[in-house]
Amino acid sequence: MSTVLIKNGLVYDGSGNTPENADIYIEDGVIAKVAQVIQKSADTIVSAEGMVVTPGFVDIHRHCDKSPFDLEAGHSVYGEVLLRQGITTVVTGNCGISMYPVSQNANIRKETRDYYVPVLGNYENYQDVTDYEAYIQKLGTCSLPVNTAAMIGMGSIRIVVSGFEGRPLTMEEKARCREIVEDALKKGAPGVSIGLMYLPEVYESAQELGEILKPLGDYDRILTTHIRGEGDSLVKSVEEVIEIARIAGCRLEISHFKSCGLRNWNKEIFRAIERIDRAREEGMEVTCDFYPYDCGSTTLMSLIPPAYIQGNIPKALEKMATEEGRETLHQMLRETYDDWDNYVISLGWDKAVISSVLKEENGWKIGKDLSQITREGGYRDEVEAAADLLVSENGTVAMIIQSMQQSDIDAIAALPYSCVISDAIYAETDRPHPRMYGAFPEFLHNYAVERQVIPVEEAIAKMTSIPAVRMKLIGRGRIKEGYWGDLNIFDLHEFQAKASYTDPARYAEGLKYCFLNGIMVVKDDEILRQTEGRLLSN
């Protein structure tokens with residue numbers, strides 16, 4: 001039996017309660033006792049004098065589906081990025097995007113991979129991952145650096161069933177989608193994600209999705225949602241996903257809740273919150289999460305109107321390569337749409353900064369916005385610059401988009417039902433969004449310690465127990481007898497994110513210790529082990 005004794009730390013137990021000085025005793029990975037003084041010997045004794053002790057942080061929204069396999073193959077900093085910021089548990093398969101299931105049609109399979117590269121990275125080497133069961137089995141062969149649970153993406157399901165076609169599903173197709181959903185839930189998926197902003201889910205209706213997702217209600221699992229629009233159509237988009245959850249009879253999580261577009265700042269987020277509160281008053285379990293930055297990160301293809309793509313990305317790119325096609329795109333980007341947010345109008349080209357490309361000749365564009373690229377590349381206009389880049393890269397371009405207002409984020413952070421995520425995407429780049437390396441210490445230091453938007457104990461609950469309960473990750477997210485020994489120890493003022501928009505790939509600093517399942521995995525910002533994570537399921 002292995003034992004650990006952590007002495008005299010200021011314990012934030014994850015509940016949101018006022019912290020208290022206490023000792024923590026761990027036996028065989030499980031917290032056996034929490035008391036003011038514990039008189040026991042132990043294999044490992046750590047003094048937490050002058051420091052805080054928190055549960056390990058739980059990131060329920062990270063696009064790291066393939067990253068454990070990359071780490072297992074020996075070419076990834078995946079585990080170090082997580083553990084250096086105190087993240088001990090992650091949930092994959094978000095925004096309707098998962099690397100499973102996979103279409104049997106080779107052309108659709110390639111089109112899907114190309115479309116998802118800016119979010120998941122290139123997962124072509126993992127073609128043995130054909131469905132949810134195969135993914136879980138493959139994860140089970142890995143030495144995981146952190147505890148890992150996996151949802152399934154509705155976008156990936158729909159592509160397998162009907163490709164990228166922009167039409168309602170037939171009764172048979174809806175039944176097949178529902179069958180895939182239920183199979184994943186039976187195999188332990190904590191939930192299903194949808195991404196109504198992305199192809200082909202932009203073509204789905206609330207009624208259709210609600211019917212497909214009824215197994216979520218039957219199994220009491222959660223629906224997480226990248227809503228259709230986060231700008232001009234924010235309120236309507238929130239109402240839409242509430243209706244989907246109402247039909248499905250399930251719990252609802254609104255992912256990376258935000259308000260985008262200058263004219264919407266300090267206004268629309270409060271109208272959207274009113275809609276959520278109304279649903280909660282009616283007895284629905286509607287919650288949300290957010291990341292602590294005012295810029296987002298996604299694929300450049302999301303700036304192209306779905307009406308232009310018409311469910312066929314290769315043909316859209318072919319059209320984009322022609323003068324006539326670019327003129328059509330120019331005209332369409334001058335319009336607003338009821339069912340799609342046109343960020344070119346609401347934000348502007350200068351708010352879209354390229355963060356990832358695959359081809360060497362486009363490398364000079366990384367870190368520059370599309371207006372800069374237009375000027376420096378001698379393009380006629382931003383449409384030509386964007387079209388040239390997308391055609392050259394076969395659509396696989398990631399961007400950071402400057403879309404939010406800090407006061408809106410603060411309002412979301414203060415909601416009693418919000419929790420923190422990173423929403424880290426895994427495009428093939430050495431210039432990721434800084435949230436990949438620093439979201440959790442950034443939130444704690446910036447929002448709780450420095451600006452005091454919310455109390456420290458509430459901030460820690462939003463990073464630990466609240467997300468763990470939301471995903472039904474039993475025994476995680478609290479410092480409590482009977483819970484697993486996932487713990488962080490640090491000086492509250494010294495533990496900080498170092499990643500920035502200009503220098504994004506920097507590790508957080510100031511983490512004195514991190515324990516995962518009762519094993520010390522970090523000491524003084526140095527990684528000791530990356531093999532102690534466990535595969536989690538419902």
# chains A, B, ... in the order shown; residues from 1 in each chain; ligands from 1

call {"tool": "residues_around", "arguments": {"residues": "region 204-212 of chain A", "least_positions_apart": "5", "cutoff": "6 Å", "atoms": "only C-alpha atoms", "output": "list of chain:residue names"}}
result
A:Arg178, A:Ile244, A:Ile247, A:Ala248

call {"tool": "select_by_dssp", "arguments": {"residues": "region 130-373 of chain A", "states": "strand (DSSP E)", "output": "PyMOL selection string"}}
result
chain A and resi 147-150+152-153+191-195+222-226+251-254+286-290+295-299+352-356

call {"tool": "write_last_selection", "arguments": {"atoms": "N, CA, C and O atoms", "output": "short mmCIF file (atom, residue, chain, number, x, y, z; two decimals), in the first residue's frame"}}
result
data_model
loop_
_atom_site.label_atom_id
_atom_site.label_comp_id
_atom_site.auth_asym_id
_atom_site.auth_seq_id
_atom_site.Cartn_x
_atom_site.Cartn_y
_atom_site.Cartn_z
N ASN A 147 -6.16 11.76 -16.63
CA ASN A 147 -7.43 11.03 -16.75
C ASN A 147 -8.18 11.52 -17.98
O ASN A 147 -8.23 12.74 -18.23
N THR A 148 -8.78 10.61 -18.72
CA THR A 148 -9.37 10.98 -20.01
C THR A 148 -10.73 10.33 -20.20
O THR A 148 -10.88 9.12 -20.03
N ALA A 149 -11.72 11.16 -20.55
CA ALA A 149 -13.05 10.69 -20.95
C ALA A 149 -13.33 11.22 -22.34
O ALA A 149 -12.78 12.26 -22.75
N ALA A 150 -14.19 10.53 -23.09
CA ALA A 150 -14.42 10.91 -24.48
C ALA A 150 -15.90 10.92 -24.82
O ALA A 150 -16.59 9.92 -24.66
N ILE A 152 -18.77 11.78 -28.04
CA ILE A 152 -18.80 11.53 -29.47
C ILE A 152 -19.44 12.74 -30.15
O ILE A 152 -20.36 13.35 -29.60
N GLY A 153 -18.92 13.11 -31.33
CA GLY A 153 -19.38 14.29 -32.04
C GLY A 153 -20.48 13.99 -33.04
O GLY A 153 -20.33 13.10 -33.89
N GLY A 191 -21.32 11.99 -22.87
CA GLY A 191 -22.26 12.85 -23.55
C GLY A 191 -22.04 12.86 -25.05
O GLY A 191 -21.19 12.14 -25.59
N VAL A 192 -22.81 13.70 -25.72
CA VAL A 192 -22.70 13.92 -27.17
C VAL A 192 -22.53 15.41 -27.38
O VAL A 192 -23.16 16.23 -26.71
N SER A 193 -21.67 15.76 -28.33
CA SER A 193 -21.49 17.18 -28.66
C SER A 193 -22.07 17.47 -30.03
O SER A 193 -22.09 16.59 -30.91
N ILE A 194 -22.54 18.69 -30.21
CA ILE A 194 -22.97 19.14 -31.53
C ILE A 194 -22.25 20.44 -31.86
O ILE A 194 -21.84 21.18 -30.96
N GLY A 195 -22.10 20.70 -33.16
CA GLY A 195 -21.43 21.92 -33.62
C GLY A 195 -22.22 22.53 -34.75
O GLY A 195 -21.92 22.31 -35.93
N ILE A 222 -25.10 14.25 -20.92
CA ILE A 222 -25.17 15.67 -21.26
C ILE A 222 -25.01 15.92 -22.76
O ILE A 222 -24.30 15.18 -23.45
N LEU A 223 -25.67 16.96 -23.24
CA LEU A 223 -25.50 17.46 -24.60
C LEU A 223 -24.67 18.73 -24.53
O LEU A 223 -25.08 19.70 -23.87
N THR A 224 -23.50 18.76 -25.16
CA THR A 224 -22.70 19.98 -25.20
C THR A 224 -22.81 20.58 -26.60
O THR A 224 -22.83 19.85 -27.59
N THR A 225 -22.87 21.91 -26.66
CA THR A 225 -23.27 22.53 -27.92
C THR A 225 -22.38 23.71 -28.30
O THR A 225 -22.25 24.67 -27.55
N HIS A 226 -21.77 23.61 -29.48
CA HIS A 226 -21.25 24.80 -30.15
C HIS A 226 -22.43 25.35 -30.93
O HIS A 226 -22.86 24.79 -31.93
N ARG A 251 -29.89 17.01 -20.27
CA ARG A 251 -29.16 18.15 -19.73
C ARG A 251 -28.40 18.85 -20.85
O ARG A 251 -27.96 18.20 -21.81
N LEU A 252 -28.20 20.17 -20.72
CA LEU A 252 -27.61 20.97 -21.80
C LEU A 252 -26.45 21.80 -21.29
O LEU A 252 -26.57 22.49 -20.27
N GLU A 253 -25.33 21.74 -22.00
CA GLU A 253 -24.17 22.59 -21.74
C GLU A 253 -23.89 23.43 -22.98
O GLU A 253 -23.68 22.90 -24.08
N ILE A 254 -23.92 24.76 -22.82
CA ILE A 254 -23.60 25.66 -23.93
C ILE A 254 -22.09 25.91 -23.90
O ILE A 254 -21.58 26.51 -22.95
N VAL A 286 -29.75 23.67 -17.64
CA VAL A 286 -28.99 24.35 -18.70
C VAL A 286 -27.81 25.06 -18.05
O VAL A 286 -27.99 25.85 -17.12
N THR A 287 -26.62 24.78 -18.54
CA THR A 287 -25.40 25.35 -17.97
C THR A 287 -24.50 25.81 -19.11
O THR A 287 -24.83 25.65 -20.29
N CYS A 288 -23.34 26.38 -18.76
CA CYS A 288 -22.44 26.88 -19.80
C CYS A 288 -21.00 26.82 -19.31
O CYS A 288 -20.73 26.65 -18.13
N ASP A 289 -20.09 26.97 -20.26
CA ASP A 289 -18.68 27.09 -19.93
C ASP A 289 -18.06 28.20 -20.77
O ASP A 289 -18.67 28.71 -21.71
N PHE A 290 -16.83 28.57 -20.44
CA PHE A 290 -16.15 29.67 -21.12
C PHE A 290 -14.65 29.52 -20.96
O PHE A 290 -14.17 28.81 -20.07
N CYS A 295 -10.14 36.32 -27.33
CA CYS A 295 -10.00 35.86 -28.70
C CYS A 295 -10.37 34.38 -28.78
O CYS A 295 -10.07 33.62 -27.86
N GLY A 296 -10.99 33.99 -29.89
CA GLY A 296 -11.31 32.59 -30.11
C GLY A 296 -10.35 31.97 -31.11
O GLY A 296 -9.43 32.63 -31.61
N SER A 297 -10.57 30.71 -31.40
CA SER A 297 -9.71 30.00 -32.35
C SER A 297 -10.54 28.95 -33.07
O SER A 297 -11.27 28.18 -32.43
N THR A 298 -10.45 28.93 -34.39
CA THR A 298 -11.25 27.99 -35.18
C THR A 298 -10.65 27.87 -36.57
O THR A 298 -9.52 28.31 -36.82
N THR A 299 -11.39 27.30 -37.49
CA THR A 299 -10.94 27.13 -38.87
C THR A 299 -11.31 28.34 -39.72
O THR A 299 -12.39 28.92 -39.55
N ALA A 352 -9.11 38.53 -37.94
CA ALA A 352 -8.81 37.12 -38.22
C ALA A 352 -7.31 36.95 -38.44
O ALA A 352 -6.77 37.38 -39.46
N VAL A 353 -6.63 36.33 -37.48
CA VAL A 353 -5.17 36.15 -37.52
C VAL A 353 -4.86 34.68 -37.81
O VAL A 353 -5.33 33.79 -37.09
N ILE A 354 -4.08 34.43 -38.83
CA ILE A 354 -3.76 33.06 -39.23
C ILE A 354 -2.82 32.43 -38.20
O ILE A 354 -1.80 33.02 -37.85
N SER A 355 -3.19 31.23 -37.72
CA SER A 355 -2.38 30.57 -36.70
C SER A 355 -1.78 29.25 -37.15
O SER A 355 -0.86 28.73 -36.52
N SER A 356 -2.30 28.67 -38.25
CA SER A 356 -1.76 27.39 -38.68
C SER A 356 -1.96 27.19 -40.17
O SER A 356 -3.06 27.40 -40.70
#

call {"tool": "residues_around", "arguments": {"residues": "Leu528 (chain A)", "least_positions_apart": "6", "cutoff": "12 Å", "atoms": "only C-alpha atoms", "output": "list in words"}}
result
Gly79, Glu80, Leu83, Arg84, Pro145, Tyr513, Cys514, Phe515, Leu516, Ile519, Met520, Val521 and Val522 of chain A

call {"tool": "closest_atom_pairs", "arguments": {"of": "region 6-39 of chain A", "to": "region 481-498 of chain A", "cutoff": "7 Å", "atoms": "only C-alpha atoms", "output": "CSV"}}
result
residue,atom,partner,partner_atom,distance
A:Ile26,CA,A:Gly485,CA,6.5
A:Gly29,CA,A:Gly485,CA,5.3
A:Val30,CA,A:Trp484,CA,4.4
A:Ile31,CA,A:Glu481,CA,5.0
A:Ala32,CA,A:Glu481,CA,5.2
A:Lys33,CA,A:Glu481,CA,5.5
A:Val34,CA,A:Glu481,CA,6.6

call {"tool": "atom_distance", "arguments": {"atom1": "CA of Glu72 (chain A)", "atom2": "CA of Leu139 (chain A)"}}
result
9.9 Å
